[in-house]
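Okay, upload_8.pdb now, which holds PDB, C-alpha atoms and all ligand atoms:
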ATOM      1  CA  MET A   1      13.251  24.714  20.315
ATOM      2  CA  SER A   2      11.129  24.397  17.220
ATOM      3  CA  VAL A   3       8.067  22.409  18.248
ATOM      4  CA  ARG A   4       5.205  21.891  15.797
ATOM      5  CA  GLY A   5       1.699  20.586  16.116
ATOM      6  CA  GLY A   6      -0.066  18.142  13.815
ATOM      7  CA  ILE A   7      -3.737  17.180  13.728
ATOM      8  CA  ASP A   8      -5.387  14.321  11.892
ATOM      9  CA  LEU A   9      -9.048  15.207  11.460
ATOM     10  CA  GLY A  10     -11.140  12.093  10.903
ATOM     11  CA  GLY A  11     -14.846  11.350  10.718
ATOM     12  CA  THR A  12     -14.856   9.732  14.164
ATOM     13  CA  LYS A  13     -11.737  11.011  15.906
ATOM     14  CA  ILE A  14      -9.327  13.892  16.110
ATOM     15  CA  GLN A  15      -5.709  12.907  16.780
ATOM     16  CA  ALA A  16      -3.315  15.674  17.789
ATOM     17  CA  VAL A  17       0.452  15.418  18.298
ATOM     18  CA  LEU A  18       3.339  17.711  19.135
ATOM     19  CA  VAL A  19       6.678  16.911  17.519
ATOM     20  CA  ASP A  20      10.162  18.242  18.139
ATOM     21  CA  GLU A  21      12.648  19.346  15.473
ATOM     22  CA  ARG A  22      13.522  15.686  14.778
ATOM     23  CA  ASN A  23       9.824  14.854  14.258
ATOM     24  CA  GLU A  24       9.713  12.787  17.449
ATOM     25  CA  VAL A  25       6.296  12.833  19.150
ATOM     26  CA  ILE A  26       6.544  14.616  22.520
ATOM     27  CA  GLY A  27       2.838  14.880  23.318
ATOM     28  CA  GLN A  28      -0.462  13.612  21.989
ATOM     29  CA  ALA A  29      -4.206  13.703  22.612
ATOM     30  CA  ARG A  30      -7.221  12.091  21.010
ATOM     31  CA  HIS A  31     -10.754  13.512  21.035
ATOM     32  CA  PRO A  32     -13.962  12.294  19.389
ATOM     33  CA  THR A  33     -15.081  14.356  16.384
ATOM     34  CA  PRO A  34     -18.175  16.353  17.432
ATOM     35  CA  ARG A  35     -21.373  15.030  15.860
ATOM     36  CA  GLU A  36     -23.161  18.385  16.167
ATOM     37  CA  GLY A  37     -22.397  22.057  15.782
ATOM     38  CA  GLY A  38     -20.913  21.948  12.286
ATOM     39  CA  PRO A  39     -17.457  23.207  11.257
ATOM     40  CA  GLN A  40     -17.093  25.686  14.131
ATOM     41  CA  ALA A  41     -17.597  22.919  16.702
ATOM     42  CA  VAL A  42     -14.988  20.818  14.864
ATOM     43  CA  ALA A  43     -12.546  23.750  14.831
ATOM     44  CA  ASP A  44     -13.065  24.256  18.598
ATOM     45  CA  GLU A  45     -12.400  20.555  19.217
ATOM     46  CA  LEU A  46      -9.219  20.640  17.108
ATOM     47  CA  ALA A  47      -7.971  23.523  19.233
ATOM     48  CA  ALA A  48      -8.892  21.650  22.435
ATOM     49  CA  ALA A  49      -7.141  18.456  21.318
ATOM     50  CA  LEU A  50      -3.992  20.308  20.305
ATOM     51  CA  SER A  51      -3.968  22.318  23.545
ATOM     52  CA  GLU A  52      -4.211  19.081  25.507
ATOM     53  CA  ALA A  53      -1.292  17.577  23.546
ATOM     54  CA  ALA A  54       0.652  20.787  24.216
ATOM     55  CA  GLU A  55      -0.044  20.471  27.927
ATOM     56  CA  VAL A  56       1.221  16.873  27.904
ATOM     57  CA  ALA A  57       4.423  18.054  26.209
ATOM     58  CA  GLY A  58       4.755  21.052  28.534
ATOM     59  CA  VAL A  59       4.857  23.524  25.658
ATOM     60  CA  PRO A  60       2.354  26.402  25.522
ATOM     61  CA  ALA A  61       0.239  26.051  22.342
ATOM     62  CA  GLY A  62       0.825  29.706  21.472
ATOM     63  CA  GLU A  63       4.585  29.090  21.254
ATOM     64  CA  LEU A  64       4.376  26.446  18.511
ATOM     65  CA  ALA A  65       6.354  27.195  15.335
ATOM     66  CA  GLY A  66       3.393  25.986  13.294
ATOM     67  CA  VAL A  67       0.445  23.639  13.147
ATOM     68  CA  GLY A  68      -0.559  21.331  10.299
ATOM     69  CA  ILE A  69      -3.968  19.754   9.737
ATOM     70  CA  GLY A  70      -4.686  16.699   7.627
ATOM     71  CA  SER A  71      -8.343  16.968   6.628
ATOM     72  CA  PRO A  72     -10.821  15.131   4.448
ATOM     73  CA  GLY A  73     -12.704  17.066   1.762
ATOM     74  CA  GLU A  74     -11.421  19.553  -0.784
ATOM     75  CA  ILE A  75      -8.529  21.577   0.566
ATOM     76  CA  ASP A  76      -7.527  25.047  -0.548
ATOM     77  CA  ALA A  77      -4.067  25.230   1.005
ATOM     78  CA  ALA A  78      -3.616  28.896   0.087
ATOM     79  CA  THR A  79      -6.681  30.098   2.004
ATOM     80  CA  GLY A  80      -6.844  27.310   4.583
ATOM     81  CA  THR A  81     -10.373  26.418   3.494
ATOM     82  CA  VAL A  82     -12.008  22.981   3.628
ATOM     83  CA  SER A  83     -15.043  22.295   1.401
ATOM     84  CA  GLN A  84     -17.329  19.320   0.889
ATOM     85  CA  ALA A  85     -15.994  17.273   3.771
ATOM     86  CA  ARG A  86     -18.964  14.939   3.601
ATOM     87  CA  ASN A  87     -17.831  12.535   6.302
ATOM     88  CA  LEU A  88     -17.722  15.418   8.779
ATOM     89  CA  PRO A  89     -21.149  16.329  10.168
ATOM     90  CA  GLY A  90     -22.735  19.492   8.719
ATOM     91  CA  TRP A  91     -19.788  20.309   6.437
ATOM     92  CA  GLU A  92     -21.432  20.561   2.999
ATOM     93  CA  GLY A  93     -20.159  24.080   2.275
ATOM     94  CA  SER A  94     -16.778  25.786   2.757
ATOM     95  CA  PHE A  95     -15.147  26.732   6.042
ATOM     96  CA  ALA A  96     -11.923  28.632   6.675
ATOM     97  CA  LEU A  97     -10.503  26.071   9.106
ATOM     98  CA  GLY A  98      -6.904  27.320   8.944
ATOM     99  CA  PRO A  99      -7.697  30.914   9.981
ATOM    100  CA  ALA A 100     -10.157  29.694  12.652
ATOM    101  CA  LEU A 101      -7.501  27.500  14.252
ATOM    102  CA  SER A 102      -4.812  30.139  13.881
ATOM    103  CA  GLN A 103      -6.980  32.531  15.885
ATOM    104  CA  ALA A 104      -8.041  29.972  18.502
ATOM    105  CA  LEU A 105      -4.462  28.886  19.233
ATOM    106  CA  GLY A 106      -2.614  32.133  18.650
ATOM    107  CA  VAL A 107      -0.324  30.405  16.124
ATOM    108  CA  GLU A 108       0.345  32.267  12.899
ATOM    109  CA  ARG A 109       1.478  29.366  10.715
ATOM    110  CA  VAL A 110      -1.398  26.904  10.211
ATOM    111  CA  ARG A 111      -1.197  24.662   7.118
ATOM    112  CA  LEU A 112      -3.779  22.340   5.606
ATOM    113  CA  GLY A 113      -3.352  19.230   3.515
ATOM    114  CA  ASN A 114      -5.350  16.208   2.404
ATOM    115  CA  ASP A 115      -5.468  13.649   5.244
ATOM    116  CA  VAL A 116      -4.373  10.663   3.163
ATOM    117  CA  THR A 117      -1.692  12.587   1.279
ATOM    118  CA  VAL A 118      -0.043  13.805   4.481
ATOM    119  CA  ALA A 119      -0.194  10.285   5.997
ATOM    120  CA  THR A 120       1.435   8.814   2.872
ATOM    121  CA  ASN A 121       4.114  11.481   2.985
ATOM    122  CA  ALA A 122       4.784  10.736   6.663
ATOM    123  CA  GLU A 123       5.436   7.079   5.812
ATOM    124  CA  PHE A 124       7.648   8.166   2.909
ATOM    125  CA  VAL A 125       9.679  10.626   4.986
ATOM    126  CA  LEU A 126       9.830   8.864   8.349
ATOM    127  CA  GLY A 127       8.240   5.422   8.142
ATOM    128  CA  ALA A 128       7.942   2.241   6.101
ATOM    129  CA  GLY A 129       8.425   4.111   2.804
ATOM    130  CA  ALA A 130      11.804   5.548   3.725
ATOM    131  CA  PRO A 131      13.899   3.101   1.610
ATOM    132  CA  TYR A 132      11.938   3.835  -1.583
ATOM    133  CA  GLN A 133      11.601   6.531  -4.216
ATOM    134  CA  SER A 134       8.072   5.553  -5.280
ATOM    135  CA  LEU A 135       5.217   4.145  -3.264
ATOM    136  CA  LEU A 136       1.490   3.693  -2.985
ATOM    137  CA  GLY A 137      -0.058   4.315   0.454
ATOM    138  CA  VAL A 138      -3.302   2.419   1.077
ATOM    139  CA  PHE A 139      -5.310   3.457   4.128
ATOM    140  CA  TRP A 140      -7.765   0.691   4.908
ATOM    141  CA  GLY A 141     -10.402   1.942   7.347
ATOM    142  CA  THR A 142     -14.032   3.105   7.214
ATOM    143  CA  GLY A 143     -13.294   3.862   3.575
ATOM    144  CA  VAL A 144     -10.123   3.087   1.645
ATOM    145  CA  GLY A 145      -7.943   6.087   0.814
ATOM    146  CA  GLY A 146      -4.754   6.143  -1.189
ATOM    147  CA  GLY A 147      -1.719   8.361  -1.617
ATOM    148  CA  LEU A 148       1.099   8.345  -4.163
ATOM    149  CA  VAL A 149       4.760   9.223  -4.133
ATOM    150  CA  ILE A 150       6.363   9.119  -7.580
ATOM    151  CA  ASP A 151      10.067   9.840  -8.129
ATOM    152  CA  GLY A 152      10.401  11.124  -4.579
ATOM    153  CA  LYS A 153       7.497  13.545  -4.801
ATOM    154  CA  VAL A 154       3.901  13.373  -3.667
ATOM    155  CA  TRP A 155       1.616  13.085  -6.680
ATOM    156  CA  ASP A 156      -1.685  14.863  -6.094
ATOM    157  CA  GLY A 157      -2.868  15.126  -9.678
ATOM    158  CA  ARG A 158      -5.158  18.142  -9.730
ATOM    159  CA  GLY A 159      -5.977  17.481  -6.103
ATOM    160  CA  SER A 160      -7.903  14.222  -6.464
ATOM    161  CA  ALA A 161      -5.265  11.594  -7.222
ATOM    162  CA  GLY A 162      -4.884   8.426  -5.186
ATOM    163  CA  GLU A 163      -8.539   7.442  -4.792
ATOM    164  CA  ILE A 164      -7.718   3.760  -4.893
ATOM    165  CA  GLY A 165     -10.877   2.904  -2.945
ATOM    166  CA  HIS A 166     -12.911   3.866  -5.995
ATOM    167  CA  MET A 167     -10.999   1.807  -8.515
ATOM    168  CA  VAL A 168     -13.526  -0.531 -10.057
ATOM    169  CA  VAL A 169     -12.853  -4.165  -9.183
ATOM    170  CA  LYS A 170     -16.187  -5.463 -10.495
ATOM    171  CA  ARG A 171     -18.282  -3.742 -13.144
ATOM    172  CA  GLY A 172     -21.886  -3.457 -11.945
ATOM    173  CA  GLY A 173     -20.788  -4.909  -8.593
ATOM    174  CA  ALA A 174     -21.663  -4.033  -4.998
ATOM    175  CA  GLN A 175     -23.017  -0.596  -4.099
ATOM    176  CA  CYS A 176     -20.242   1.726  -2.896
ATOM    177  CA  PRO A 177     -20.813   4.396  -0.229
ATOM    178  CA  CYS A 178     -19.866   6.878  -3.018
ATOM    179  CA  GLY A 179     -23.058   5.930  -4.878
ATOM    180  CA  ARG A 180     -21.336   4.062  -7.709
ATOM    181  CA  ARG A 181     -21.052   0.325  -8.152
ATOM    182  CA  GLY A 182     -18.201  -2.142  -8.009
ATOM    183  CA  CYS A 183     -15.593   0.090  -6.340
ATOM    184  CA  MET A 184     -12.951  -1.627  -4.210
ATOM    185  CA  GLU A 185     -14.294   0.235  -1.152
ATOM    186  CA  ALA A 186     -17.696  -1.405  -1.687
ATOM    187  CA  TYR A 187     -15.988  -4.668  -0.627
ATOM    188  CA  ALA A 188     -13.068  -3.554   1.530
ATOM    189  CA  GLY A 189     -14.228  -0.405   3.364
ATOM    190  CA  ARG A 190     -15.198  -1.010   6.982
ATOM    191  CA  ALA A 191     -18.544   0.763   6.437
ATOM    192  CA  ALA A 192     -19.404  -1.480   3.478
ATOM    193  CA  MET A 193     -18.196  -4.574   5.356
ATOM    194  CA  GLU A 194     -20.515  -3.710   8.245
ATOM    195  CA  THR A 195     -23.478  -3.185   5.903
ATOM    196  CA  ARG A 196     -22.804  -6.597   4.354
ATOM    197  CA  ALA A 197     -22.442  -8.254   7.778
ATOM    198  CA  ARG A 198     -25.833  -6.831   8.849
ATOM    199  CA  GLU A 199     -27.466  -8.065   5.634
ATOM    200  CA  LEU A 200     -26.071 -11.563   6.070
ATOM    201  CA  GLN A 201     -27.091 -11.686   9.734
ATOM    202  CA  ALA A 202     -30.632 -10.600   8.756
ATOM    203  CA  GLN A 203     -30.631 -13.518   6.310
ATOM    204  CA  GLY A 204     -29.974 -15.890   9.205
ATOM    205  CA  ARG A 205     -26.178 -16.215   9.140
ATOM    206  CA  LYS A 206     -24.535 -16.588  12.557
ATOM    207  CA  THR A 207     -21.852 -14.175  13.688
ATOM    208  CA  GLU A 208     -20.402 -12.873  16.957
ATOM    209  CA  LEU A 209     -19.535  -9.492  15.429
ATOM    210  CA  PHE A 210     -22.581  -7.698  16.818
ATOM    211  CA  THR A 211     -22.433  -9.465  20.200
ATOM    212  CA  ILE A 212     -18.851  -8.244  20.614
ATOM    213  CA  MET A 213     -19.972  -4.778  19.516
ATOM    214  CA  GLU A 214     -22.669  -4.684  22.221
ATOM    215  CA  HIS A 215     -20.335  -6.028  24.915
ATOM    216  CA  ARG A 216     -17.908  -3.258  24.122
ATOM    217  CA  GLY A 217     -20.632  -0.605  24.141
ATOM    218  CA  ARG A 218     -20.040   0.377  20.522
ATOM    219  CA  GLU A 219     -22.509   1.299  17.812
ATOM    220  CA  ARG A 220     -20.240   0.423  14.898
ATOM    221  CA  LEU A 221     -18.036  -2.508  13.978
ATOM    222  CA  THR A 222     -14.686  -0.907  14.767
ATOM    223  CA  SER A 223     -11.374  -2.369  13.597
ATOM    224  CA  GLY A 224     -10.835  -3.785  17.083
ATOM    225  CA  ILE A 225     -14.177  -5.640  16.912
ATOM    226  CA  TRP A 226     -13.241  -7.221  13.580
ATOM    227  CA  GLU A 227      -9.906  -8.243  15.088
ATOM    228  CA  ARG A 228     -11.626  -9.900  18.091
ATOM    229  CA  ALA A 229     -14.117 -11.746  15.887
ATOM    230  CA  LEU A 230     -11.263 -13.106  13.739
ATOM    231  CA  LYS A 231      -9.451 -14.329  16.859
ATOM    232  CA  LYS A 232     -12.620 -16.267  17.751
ATOM    233  CA  ASP A 233     -12.634 -17.802  14.253
ATOM    234  CA  ASP A 234     -15.970 -16.172  13.449
ATOM    235  CA  VAL A 235     -16.741 -17.679  10.039
ATOM    236  CA  LEU A 236     -18.712 -14.715   8.709
ATOM    237  CA  ALA A 237     -16.023 -12.240   9.801
ATOM    238  CA  LEU A 238     -13.321 -14.392   8.183
ATOM    239  CA  GLU A 239     -15.334 -14.586   4.979
ATOM    240  CA  LEU A 240     -15.879 -10.807   4.798
ATOM    241  CA  VAL A 241     -12.246 -10.017   5.577
ATOM    242  CA  GLU A 242     -11.092 -12.429   2.872
ATOM    243  CA  ARG A 243     -13.519 -10.809   0.447
ATOM    244  CA  ALA A 244     -12.112  -7.406   1.424
ATOM    245  CA  ILE A 245      -8.538  -8.587   0.893
ATOM    246  CA  GLY A 246      -9.453  -9.960  -2.535
ATOM    247  CA  ALA A 247     -10.758  -6.527  -3.531
ATOM    248  CA  LEU A 248      -7.797  -4.705  -1.962
ATOM    249  CA  GLY A 249      -5.270  -6.914  -3.750
ATOM    250  CA  THR A 250      -7.044  -6.565  -7.089
ATOM    251  CA  ALA A 251      -7.109  -2.761  -6.914
ATOM    252  CA  ILE A 252      -3.529  -2.512  -5.623
ATOM    253  CA  ALA A 253      -2.296  -4.780  -8.429
ATOM    254  CA  SER A 254      -4.135  -2.661 -11.019
ATOM    255  CA  ALA A 255      -2.503   0.474  -9.622
ATOM    256  CA  CYS A 256       0.901  -1.266  -9.701
ATOM    257  CA  ASN A 257       0.343  -2.410 -13.290
ATOM    258  CA  LEU A 258      -0.194   1.235 -14.205
ATOM    259  CA  LEU A 259       2.461   2.916 -12.037
ATOM    260  CA  ASP A 260       5.049   0.213 -11.209
ATOM    261  CA  VAL A 261       5.794   1.651  -7.752
ATOM    262  CA  GLU A 262       8.529   0.050  -5.641
ATOM    263  CA  ALA A 263       6.426  -0.400  -2.523
ATOM    264  CA  VAL A 264       2.898  -0.505  -1.158
ATOM    265  CA  VAL A 265       2.427   0.738   2.414
ATOM    266  CA  ILE A 266      -0.765  -0.382   4.111
ATOM    267  CA  GLY A 267      -2.154   1.706   6.970
ATOM    268  CA  GLY A 268      -5.537   2.751   8.340
ATOM    269  CA  GLY A 269      -7.430   1.250  11.289
ATOM    270  CA  LEU A 270      -8.053  -2.142   9.658
ATOM    271  CA  GLY A 271      -4.703  -2.105   7.869
ATOM    272  CA  ILE A 272      -2.730  -1.620  11.075
ATOM    273  CA  ARG A 273      -4.749  -4.193  13.064
ATOM    274  CA  LEU A 274      -5.329  -6.893  10.445
ATOM    275  CA  GLY A 275      -2.508  -6.100   8.024
ATOM    276  CA  PRO A 276       0.335  -7.893   9.853
ATOM    277  CA  GLY A 277      -1.588 -11.197  10.015
ATOM    278  CA  TYR A 278      -2.813 -10.916   6.441
ATOM    279  CA  LEU A 279       0.320  -9.542   4.776
ATOM    280  CA  ASP A 280       1.032 -12.789   2.902
ATOM    281  CA  ALA A 281      -2.599 -13.048   1.778
ATOM    282  CA  ILE A 282      -2.545  -9.467   0.527
ATOM    283  CA  GLN A 283       0.735 -10.051  -1.306
ATOM    284  CA  ARG A 284      -0.713 -13.225  -2.897
ATOM    285  CA  GLU A 285      -3.816 -11.377  -4.109
ATOM    286  CA  ILE A 286      -1.622  -8.641  -5.580
ATOM    287  CA  ASP A 287       0.725 -11.121  -7.270
ATOM    288  CA  GLU A 288      -2.196 -12.922  -8.865
ATOM    289  CA  HIS A 289      -3.131  -9.795 -10.846
ATOM    290  CA  LEU A 290       0.318  -8.391 -11.638
ATOM    291  CA  PHE A 291       1.124  -8.227 -15.324
ATOM    292  CA  THR A 292       4.887  -8.120 -14.760
ATOM    293  CA  ILE A 293       5.599 -10.747 -12.127
ATOM    294  CA  GLU A 294       9.417 -10.464 -12.072
ATOM    295  CA  HIS A 295       9.517  -7.603  -9.577
ATOM    296  CA  PRO A 296       6.403  -7.384  -7.421
ATOM    297  CA  PRO A 297       6.205  -4.339  -5.121
ATOM    298  CA  ASP A 298       7.322  -4.734  -1.498
ATOM    299  CA  VAL A 299       4.220  -4.721   0.693
ATOM    300  CA  GLN A 300       4.764  -3.113   4.098
ATOM    301  CA  ILE A 301       2.592  -2.180   7.067
ATOM    302  CA  ALA A 302       2.619   1.510   7.987
ATOM    303  CA  GLN A 303       5.256   2.056  10.685
ATOM    304  CA  LEU A 304       3.840   5.205  12.215
ATOM    305  CA  GLY A 305       0.592   3.437  13.089
ATOM    306  CA  ASP A 306      -2.365   5.494  14.233
ATOM    307  CA  LEU A 307      -0.229   8.617  14.588
ATOM    308  CA  GLY A 308       0.948   8.734  10.945
ATOM    309  CA  GLY A 309      -1.717  11.187   9.833
ATOM    310  CA  ALA A 310      -1.011  13.622  12.671
ATOM    311  CA  ILE A 311       2.781  13.352  12.244
ATOM    312  CA  GLY A 312       2.338  13.937   8.500
ATOM    313  CA  ALA A 313       0.255  17.007   9.279
ATOM    314  CA  ALA A 314       3.045  18.304  11.534
ATOM    315  CA  LEU A 315       5.468  17.892   8.593
ATOM    316  CA  LEU A 316       3.270  20.306   6.606
ATOM    317  CA  ALA A 317       4.010  23.014   9.148
ATOM    318  CA  ALA A 318       7.780  22.512   8.867
ATOM    319  CA  SER A 319       8.153  24.332   5.570
ATOM    320  CA  PRO A 320       7.513  28.088   5.343
ATOM    321  CA  ASN A 321       5.252  27.734   2.288
ATOM    322  CA  GLY A 322       3.380  24.639   3.471
ATOM    323  CA  SER A 323       4.679  22.488   0.656
ATOM    324  CA  VAL A 324       5.395  18.857   1.403
ATOM    325  CA  THR A 325       8.660  18.397   3.267
ATOM    326  CA  GLU A 326      11.657  17.118   1.340
ATOM    327  CA  ARG A 327      12.768  13.818   2.809
ATOM    328  CA  SER A 328      16.470  14.709   2.814
ATOM    329  CA  THR A 329      15.976  17.758   5.010
ATOM    330  CA  SER A 330      13.657  16.258   7.592
ATOM    331  CA  ARG A 331      15.330  13.010   8.536
TER     332      ARG A 331
HETATM  333 ZN    ZN B 401     -16.874   4.275  -4.821
END
Represent the structure from my file as structure tokens, please.
Ligand SMILES: [Zn+2]
Amino acid sequence: MSVRGGIDLGGTKIQAVLVDERNEVIGQARHPTPREGGPQAVADELAAALSEAAEVAGVPAGELAGVGIGSPGEIDAATGTVSQARNLPGWEGSFALGPALSQALGVERVRLGNDVTVATNAEFVLGAGAPYQSLLGVFWGTGVGGGLVIDGKVWDGRGSAGEIGHMVVKRGGAQCPCGRRGCMEAYAGRAAMETRARELQAQGRKTELFTIMEHRGRERLTSGIWERALKKDDVLALELVERAIGALGTAIASACNLLDVEAVVIGGGLGIRLGPGYLDAIQREIDEHLFTIEHPPDVQIAQLGDLGGAIGAALLAASPNGSVTERSTSR
């Protein structure tokens, strides 16, 4: 049996899965990303999460055919190094994550890829993107990441393609977490939405967002908290989500005007929770800015949900050279 592991390394959580030869998930585990201890602590936690998933599946971690990791930051796939992963604590320099994990787990084949790219590829190979030859993946969460498949192949550019969150939707607009102004993420990213909600509350606006946050013992406005506030018809939450969707639609339409992809797949924490209820609104915002209106892209919600990133990472480990899996051979 050829079982592989996949790990999605995020700023707040580590999601590990084990998949069988048909890419079906047979075990999974989720751990919080360590806030202290730097890259080594993160590497130890990745190994712990994967070992737990392996235990669930009843497969010893050391017997895995390979392990893939989807990581933020700059990835050197050849050396297994991650650099400048700024949303991971204490990760300003470079760290050989692949070799560290290989040693910790006793698995020779450990492959690294960009987190958003592997999640987009997972949707293309196994999920909502399966009927298409070209698609744009939009991962709407703390930030907004993007991935591209063009003519059946992942398009990485020189390693930095797909940064749809930093498409400018308003020149000189809101401050983006990246330091620039007017990026889509400055309106649609969960971090920016929370900053704006705090500002408005400080100015005297009423909202239940922070009451729900305290009741749930959280320190951040998670996707689930936004979802609850919307269900209670919280006016401020509704307003900020609509503002986010306006920015998302504008940036997606601009990308479609340039690339004319067949489909847009929306994932990420907010995308998966809010996307289904707002699909028509998102499509309307896109349509409003499309230059060629005769064939708008199909807008779909990511089918693999929260596990897409980890499943995509496991696909990385399927090929001997770590290149992205061909769809025809893995379905
Ligand atoms: Zn930006």
Give me, as a tab-separated table, each residue of chain A that comes within 9 Å of ligand ZN 401 (chain B), together with its shortest interatomic pair and the distance in Å at one decimal, counting only C-alpha atoms and all ligand atoms, with rows ordered by chain and rising residue number.
residue	atom	partner	partner_atom	distance
A:Glu163	CA	B:ZN401	ZN	8.9
A:Gly165	CA	B:ZN401	ZN	6.4
A:His166	CA	B:ZN401	ZN	4.2
A:Met167	CA	B:ZN401	ZN	7.4
A:Val168	CA	B:ZN401	ZN	7.9
A:Gln175	CA	B:ZN401	ZN	7.9
A:Cys176	CA	B:ZN401	ZN	4.6
A:Pro177	CA	B:ZN401	ZN	6.1
A:Cys178	CA	B:ZN401	ZN	4.4
A:Gly179	CA	B:ZN401	ZN	6.4
A:Arg180	CA	B:ZN401	ZN	5.3
A:Arg181	CA	B:ZN401	ZN	6.6
A:Gly182	CA	B:ZN401	ZN	7.3
A:Cys183	CA	B:ZN401	ZN	4.6
A:Met184	CA	B:ZN401	ZN	7.1
A:Glu185	CA	B:ZN401	ZN	6.0
A:Ala186	CA	B:ZN401	ZN	6.5
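Selection by the PyMOL selection byres (((chain A and resi 251) around 10) and not hetatm) on the present file picks out Ile164, Gly165, His166, Met167, Val168, Val169, Cys183, Met184, Glu185, Ile245, Gly246, Ala247, Leu248, Gly249, Thr250, Ile252, Ala253, Ser254, Ala255, Cys256, Asn257, Glu285, Ile286 and His289 of chain A.
When the PyMOL selection byres (((chain A and resi 63) around 10) and not hetatm) is evaluated on the file shown here, the picked residues come out as Met1, Ser2, Val3, Arg4, Ala54, Val59, Pro60, Ala61, Gly62, Leu64, Ala65, Gly66, Leu105, Gly106, Val107 and Glu108 of chain A.
Using only C-alpha atoms, the nearest neighbour of Leu148 of chain A within the list A:Glu36, A:Glu194, A:Glu214, A:Asp260 is A:Asp260.
Of note, atom CA of Val241 of chain A and atom CA of Thr142 of chain A are spaced 13.3 Å apart.
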